[in-house]
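J.: Provided herewith: work.pdb, PDB, C-alpha atoms and all ligand atoms.
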MODEL        1
ATOM      1  CA  MET S   1     -66.289  -1.497 -17.612
ATOM      2  CA  ILE S   2     -63.156  -1.088 -15.478
ATOM      3  CA  THR S   3     -61.458   1.107 -18.084
ATOM      4  CA  THR S   4     -64.647   3.190 -18.201
ATOM      5  CA  LEU S   5     -64.184   3.914 -14.488
ATOM      6  CA  LEU S   6     -60.622   5.119 -14.985
ATOM      7  CA  GLU S   7     -61.688   7.230 -17.951
ATOM      8  CA  GLY S   8     -64.442   8.629 -15.734
ATOM      9  CA  ASN S   9     -61.841   9.513 -13.137
ATOM     10  CA  GLU S  10     -59.768  11.411 -15.707
ATOM     11  CA  ARG S  11     -62.907  13.305 -16.698
ATOM     12  CA  PHE S  12     -63.607  14.046 -12.997
ATOM     13  CA  VAL S  13     -60.099  15.410 -12.493
ATOM     14  CA  ARG S  14     -60.364  17.572 -15.604
ATOM     15  CA  GLU S  15     -63.913  18.850 -15.251
ATOM     16  CA  THR S  16     -64.518  18.916 -11.496
ATOM     17  CA  PHE S  17     -61.346  18.582  -9.404
ATOM     18  CA  GLU S  18     -59.235  21.020 -11.411
ATOM     19  CA  THR S  19     -62.031  23.578 -11.568
ATOM     20  CA  GLN S  20     -62.752  23.447  -7.805
ATOM     21  CA  LYS S  21     -59.197  23.290  -6.541
ATOM     22  CA  ALA S  22     -59.780  25.336  -3.368
ATOM     23  CA  PHE S  23     -62.756  23.173  -2.374
ATOM     24  CA  PHE S  24     -60.855  19.907  -2.759
ATOM     25  CA  ALA S  25     -57.684  21.292  -1.149
ATOM     26  CA  ASP S  26     -59.730  22.279   1.903
ATOM     27  CA  LEU S  27     -61.394  18.829   1.959
ATOM     28  CA  ALA S  28     -58.032  17.107   1.782
ATOM     29  CA  LYS S  29     -57.024  18.786   5.051
ATOM     30  CA  LYS S  30     -60.036  17.680   7.091
ATOM     31  CA  GLN S  31     -63.444  16.087   6.764
ATOM     32  CA  ARG S  32     -66.397  17.628   8.585
ATOM     33  CA  PRO S  33     -69.379  15.448   7.691
ATOM     34  CA  THR S  34     -72.592  16.261   9.565
ATOM     35  CA  VAL S  35     -74.495  13.071   8.784
ATOM     36  CA  LEU S  36     -73.773   9.360   9.138
ATOM     37  CA  TRP S  37     -75.646   7.503   6.412
ATOM     38  CA  ILE S  38     -76.378   3.814   6.959
ATOM     39  CA  GLY S  39     -77.796   2.571   3.678
ATOM     40  CA  CYS S  40     -78.094  -0.445   1.411
ATOM     41  CA  SER S  41     -75.224  -1.463  -0.882
ATOM     42  CA  ASP S  42     -77.653  -1.378  -3.814
ATOM     43  CA  SER S  43     -75.958   0.446  -6.713
ATOM     44  CA  ARG S  44     -79.091   2.458  -7.422
ATOM     45  CA  VAL S  45     -79.137   4.205  -4.059
ATOM     46  CA  ALA S  46     -76.285   6.616  -4.777
ATOM     47  CA  VAL S  47     -76.038   8.670  -1.593
ATOM     48  CA  ASN S  48     -74.597  11.979  -2.833
ATOM     49  CA  THR S  49     -76.669  11.908  -6.009
ATOM     50  CA  ILE S  50     -80.077  11.380  -4.376
ATOM     51  CA  THR S  51     -79.395  13.843  -1.540
ATOM     52  CA  GLY S  52     -77.792  16.557  -3.661
ATOM     53  CA  THR S  53     -74.706  16.580  -1.459
ATOM     54  CA  GLN S  54     -71.000  17.031  -2.098
ATOM     55  CA  PRO S  55     -67.946  15.000  -1.107
ATOM     56  CA  GLY S  56     -67.173  15.655   2.549
ATOM     57  CA  GLU S  57     -70.770  16.020   3.700
ATOM     58  CA  ILE S  58     -71.886  12.450   4.431
ATOM     59  CA  PHE S  59     -69.999   9.755   6.320
ATOM     60  CA  THR S  60     -71.227   6.522   4.783
ATOM     61  CA  HIS S  61     -71.724   2.903   5.735
ATOM     62  CA  ARG S  62     -73.512   0.563   3.348
ATOM     63  CA  ASN S  63     -74.369  -3.104   3.580
ATOM     64  CA  VAL S  64     -77.005  -5.545   2.350
ATOM     65  CA  ALA S  65     -80.426  -4.265   3.511
ATOM     66  CA  ASN S  66     -79.057  -1.346   5.607
ATOM     67  CA  ILE S  67     -78.713  -3.487   8.710
ATOM     68  CA  VAL S  68     -77.456  -2.473  12.139
ATOM     69  CA  ALA S  69     -76.154  -5.501  14.041
ATOM     70  CA  THR S  70     -74.514  -4.803  17.386
ATOM     71  CA  ASN S  71     -72.149  -7.738  16.851
ATOM     72  CA  ASP S  72     -70.932  -6.193  13.573
ATOM     73  CA  TRP S  73     -67.522  -4.718  14.347
ATOM     74  CA  ASN S  74     -67.427  -2.941  11.018
ATOM     75  CA  LEU S  75     -70.492  -0.809  11.687
ATOM     76  CA  SER S  76     -69.651  -0.527  15.382
ATOM     77  CA  ALA S  77     -66.288   1.068  14.520
ATOM     78  CA  VAL S  78     -67.988   3.400  12.034
ATOM     79  CA  LEU S  79     -70.455   4.443  14.744
ATOM     80  CA  GLU S  80     -67.764   4.997  17.334
ATOM     81  CA  PHE S  81     -65.691   7.066  14.923
ATOM     82  CA  SER S  82     -68.771   9.073  13.887
ATOM     83  CA  LEU S  83     -69.783   9.963  17.423
ATOM     84  CA  ASN S  84     -66.525  10.156  19.348
ATOM     85  CA  HIS S  85     -64.242  11.667  16.726
ATOM     86  CA  LEU S  86     -66.365  13.345  14.052
ATOM     87  CA  HIS S  87     -69.101  14.410  16.511
ATOM     88  CA  ILE S  88     -71.790  13.789  13.928
ATOM     89  CA  PRO S  89     -75.197  15.009  15.155
ATOM     90  CA  ASP S  90     -77.493  13.055  12.803
ATOM     91  CA  ILE S  91     -77.656   9.411  11.736
ATOM     92  CA  VAL S  92     -79.859   8.387   8.825
ATOM     93  CA  ILE S  93     -80.887   4.800   8.207
ATOM     94  CA  CYS S  94     -82.118   4.719   4.639
ATOM     95  CA  GLY S  95     -83.844   1.669   3.171
ATOM     96  CA  HIS S  96     -85.240   1.503  -0.313
ATOM     97  CA  TYR S  97     -88.244  -0.061  -2.014
ATOM     98  CA  GLY S  98     -87.269  -2.923  -4.316
ATOM     99  CA  CYS S  99     -84.539  -4.052  -1.897
ATOM    100  CA  GLY S 100     -83.191  -7.473  -2.873
ATOM    101  CA  GLY S 101     -82.036  -8.063   0.705
ATOM    102  CA  ILE S 102     -85.547  -7.587   2.039
ATOM    103  CA  GLU S 103     -86.996  -9.809  -0.711
ATOM    104  CA  ALA S 104     -84.527 -12.498   0.378
ATOM    105  CA  LEU S 105     -86.186 -12.552   3.823
ATOM    106  CA  ASP S 106     -88.781 -14.754   2.142
ATOM    107  CA  ASN S 107     -86.043 -17.105   0.964
ATOM    108  CA  MET S 108     -83.988 -17.763   4.080
ATOM    109  CA  GLY S 109     -83.501 -21.421   3.150
ATOM    110  CA  SER S 110     -81.388 -20.596   0.098
ATOM    111  CA  ASP S 111     -78.014 -22.266  -0.502
ATOM    112  CA  ASP S 112     -76.154 -18.988   0.020
ATOM    113  CA  LYS S 113     -73.618 -19.241   2.766
ATOM    114  CA  TYR S 114     -73.595 -15.732   4.202
ATOM    115  CA  ILE S 115     -76.708 -13.856   3.084
ATOM    116  CA  PRO S 116     -79.265 -15.764   5.236
ATOM    117  CA  VAL S 117     -77.014 -15.455   8.300
ATOM    118  CA  TRP S 118     -76.675 -11.710   7.754
ATOM    119  CA  LEU S 119     -80.411 -11.291   7.179
ATOM    120  CA  ILE S 120     -81.266 -12.821  10.568
ATOM    121  CA  ASN S 121     -80.697  -9.249  11.777
ATOM    122  CA  ALA S 122     -83.673  -8.114   9.685
ATOM    123  CA  ALA S 123     -85.935 -11.153  10.110
ATOM    124  CA  ARG S 124     -88.095  -9.489  12.740
ATOM    125  CA  ALA S 125     -89.226  -6.928  10.153
ATOM    126  CA  ARG S 126     -90.812  -9.764   8.206
ATOM    127  CA  THR S 127     -92.487 -11.417  11.204
ATOM    128  CA  ARG S 128     -93.841  -8.079  12.456
ATOM    129  CA  VAL S 129     -95.353  -7.262   9.059
ATOM    130  CA  ASP S 130     -96.879 -10.719   8.716
ATOM    131  CA  GLU S 131     -98.357 -10.429  12.218
ATOM    132  CA  LEU S 132     -99.828  -7.034  11.350
ATOM    133  CA  ILE S 133    -101.339  -8.421   8.150
ATOM    134  CA  LEU S 134    -102.877 -11.280  10.131
ATOM    135  CA  THR S 135    -104.171  -9.328  13.138
ATOM    136  CA  GLN S 136    -105.561  -6.461  11.074
ATOM    137  CA  ALA S 137    -106.879  -8.762   8.327
ATOM    138  CA  LEU S 138    -105.047  -6.757   5.659
ATOM    139  CA  SER S 139    -104.693  -8.065   2.133
ATOM    140  CA  PRO S 140    -101.656  -6.350   0.623
ATOM    141  CA  SER S 141    -100.306  -7.290  -2.797
ATOM    142  CA  ARG S 142     -96.879  -8.969  -2.860
ATOM    143  CA  GLU S 143     -95.343  -5.605  -3.708
ATOM    144  CA  GLU S 144     -97.184  -3.800  -0.894
ATOM    145  CA  ARG S 145     -96.126  -6.439   1.649
ATOM    146  CA  LEU S 146     -92.485  -6.056   0.581
ATOM    147  CA  GLN S 147     -92.774  -2.282   0.906
ATOM    148  CA  MET S 148     -94.151  -2.707   4.431
ATOM    149  CA  MET S 149     -91.165  -4.939   5.219
ATOM    150  CA  VAL S 150     -88.717  -2.337   3.875
ATOM    151  CA  GLU S 151     -90.311   0.327   6.113
ATOM    152  CA  GLU S 152     -90.460  -1.966   9.157
ATOM    153  CA  ASN S 153     -86.814  -2.905   8.648
ATOM    154  CA  VAL S 154     -85.845   0.775   8.927
ATOM    155  CA  ARG S 155     -87.747   1.005  12.242
ATOM    156  CA  LEU S 156     -86.101  -2.211  13.442
ATOM    157  CA  GLN S 157     -82.583  -1.030  12.598
ATOM    158  CA  ILE S 158     -83.196   2.243  14.444
ATOM    159  CA  GLU S 159     -84.114   0.101  17.473
ATOM    160  CA  HIS S 160     -80.835  -1.784  17.001
ATOM    161  CA  LEU S 161     -78.933   1.530  16.961
ATOM    162  CA  ARG S 162     -80.486   2.392  20.319
ATOM    163  CA  GLU S 163     -79.053  -0.814  21.769
ATOM    164  CA  TYR S 164     -75.592   0.792  21.773
ATOM    165  CA  PRO S 165     -75.145   2.466  25.183
ATOM    166  CA  PHE S 166     -73.024   5.304  23.707
ATOM    167  CA  VAL S 167     -75.758   6.004  21.122
ATOM    168  CA  ARG S 168     -78.438   6.141  23.841
ATOM    169  CA  GLU S 169     -76.202   8.450  25.878
ATOM    170  CA  ALA S 170     -75.639  10.833  22.940
ATOM    171  CA  ILE S 171     -79.392  10.977  22.291
ATOM    172  CA  ALA S 172     -80.150  11.601  25.976
ATOM    173  CA  GLU S 173     -77.625  14.439  26.051
ATOM    174  CA  GLY S 174     -79.175  16.018  22.950
ATOM    175  CA  ARG S 175     -76.058  15.440  20.847
ATOM    176  CA  LEU S 176     -77.628  12.969  18.416
ATOM    177  CA  LYS S 177     -80.799  12.380  16.435
ATOM    178  CA  LEU S 178     -81.766   9.225  14.548
ATOM    179  CA  HIS S 179     -83.743   9.400  11.312
ATOM    180  CA  GLY S 180     -85.421   6.583   9.369
ATOM    181  CA  TRP S 181     -85.953   7.078   5.648
ATOM    182  CA  VAL S 182     -86.919   5.026   2.596
ATOM    183  CA  TYR S 183     -85.810   5.888  -0.937
ATOM    184  CA  ASP S 184     -88.358   5.271  -3.688
ATOM    185  CA  MET S 185     -86.509   4.342  -6.882
ATOM    186  CA  GLU S 186     -89.642   4.823  -8.988
ATOM    187  CA  SER S 187     -90.192   8.476  -8.050
ATOM    188  CA  GLY S 188     -86.747   9.505  -6.795
ATOM    189  CA  HIS S 189     -88.292  10.769  -3.566
ATOM    190  CA  ILE S 190     -87.106   9.977  -0.048
ATOM    191  CA  ARG S 191     -89.931   9.154   2.349
ATOM    192  CA  VAL S 192     -89.486   9.941   6.028
ATOM    193  CA  ILE S 193     -90.488   6.899   8.103
ATOM    194  CA  CYS S 194     -89.087   7.949  11.488
ATOM    195  CA  PRO S 195     -88.564  11.686  11.915
ATOM    196  CA  GLY S 196     -85.615  12.492  14.173
TER     197      GLY S 196
HETATM  198 ZN    ZN S 201     -81.264  -3.020  -0.871
ENDMDL
END
Written as structure tokens, that's how I'd like the structure from this file.
T.:
Amino acid sequence: MITTLLEGNERFVRETFETQKAFFADLAKKQRPTVLWIGCSDSRVAVNTITGTQPGEIFTHRNVANIVATNDWNLSAVLEFSLNHLHIPDIVICGHYGCGGIEALDNMGSDDKYIPVWLINAARARTRVDELILTQALSPSREERLQMMVEENVRLQIEHLREYPFVREAIAEGRLKLHGWVYDMESGHIRVICPG
């Protein structure tokens, strides 16, 4: 597997890099991404592939279940860099159906050391969906309930983004829009959950 990656890199250099020399030389000088993508680490949600974008277009942060936690210095630094230095005007939070992180919200008592702690930041998506099911007397299948949780988690993480004062300020000044999306691995389509 690892040698396959290095062989793939040689192929990339030969077939793509060497044939688009001006493009990559320009990129090497400066990046000008116009979108910050906060997505899941899931290997099937390949950002550039599913959005038809090129290197240099999307500044990316990925973690388990596309979570925004205001005590996460990693994401906080990414956000600060995106807004203060790259002046990115759009942030996308993209969840995906079939998310293992969201499924694990039903298994918070597992023996894993870090995953349940991390997922506390998404737990409200589960309780909100279960409340909705109860109060509206819905009877979703297991799959449908999980899909509702994936969508609710995107809404929740957008709320978490708004907890950052500098994010709220950028929105108020018209410099920033937040977008909530869900990628459907079965159809390949991206569904807009929260339009910006
Ligand atoms: Zn996922």
J.: Could you tell me which residues the PyMOL selection byres (((chain S and resi 157) around 10) and not hetatm) grabs in this file, written as a ChimeraX atom specification?
T.: /S:38,65-69,93-95,121-122,125,152-156,158-163,180
J.: For Pro55 of chain S, work out the shell of residues within 9 Å, counting all atoms listed in the file and skipping chain neighbours fewer than 3 positions away, then give it as a list in words.
T.: Phe24, Leu27, Pro33, Asn48 and Ile58 of chain S
J.: Just how far from atom CA of Ile120 of chain S is atom CA of Gly101 of chain S, in Å to one decimal?
T.: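 If I compute the distance from atom CA of Gly101 of chain S to atom CA of Ile120 of chain S, I get 11.0 Å.
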J.: Give me, as a list in words, all polymer residues having an atom no more than 8 Å from Met149 of chain S, counting all atoms listed in the file and skipping those fewer than 5 positions away in the same chain.
T.: Ile102, Ala125, Arg126 and Val129 of chain S
J.: How many Å lie between atom CA of Thr16 of chain S and atom CA of Gly188 of chain S, rounded to one decimal?
T.: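 Pair atom CA of Thr16 of chain S / atom CA of Gly188 of chain S returns 24.6 Å.
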J.: Could you pull out the residues sitting within 9 Å of ligand ZN 201 (chain S), using all atoms listed in the file, and write them as a count of residues only?
T.: 21
J.: Calculated over all atoms listed in the file, which of the candidates S:Arg145, S:His189, S:Lys21, S:Lys177 has the smallest distance to Thr127 of chain S?
T.: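 Nearest to Thr127 of chain S: S:Arg145.
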J.: Skip segment 78-92 of chain S itself and residues of its chain fewer than 2 positions away, then list as a VMD selection string all residues within 9 Å of it, counting only C-alpha atoms.
T.: chain S and resid 31 to 39 59 to 61 73 to 76 94 158 166 to 167 170 174 to 181 196
J.: For each of S:Leu6, S:Cys194, S:Glu169, S:Ala104, take the minimum atom-to-atom distance to Pro116 of chain S, counting only C-alpha atoms, then give the residue where this is smallest.
T.: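 So, comparing all the options, the nearest one is S:Ala104.
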J.: Rounded to one decimal, what separation in Å do you get between atom CA of Arg168 of chain S and atom CA of Thr70 of chain S?
T.: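 Pair atom CA of Arg168 of chain S / atom CA of Thr70 of chain S returns 13.3 Å.
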J.: From the options S:Leu138, S:Leu146, S:Ala25, S:Val47, which residue's atoms come nearest to Arg62 of chain S, counting only C-alpha atoms?
T.: S:Val47
J.: When distances are computed from all atoms listed in the file, which of S:Arg142, S:Leu119, S:Gly56, S:Asp106 shows the smallest separation from Ala28 of chain S?
T.: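 So, comparing all the options, the nearest one is S:Gly56.
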J.: Compare S:Glu151, S:Asp26, S:Asp111, S:Glu15 by their minimum atom-to-atom distance to Tyr183 of chain S, counting all atoms listed in the file, and give me the closest one.
T.: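 Comparing S:Glu151, S:Asp26, S:Asp111, S:Glu15 against Tyr183 of chain S, the winner is S:Glu151.
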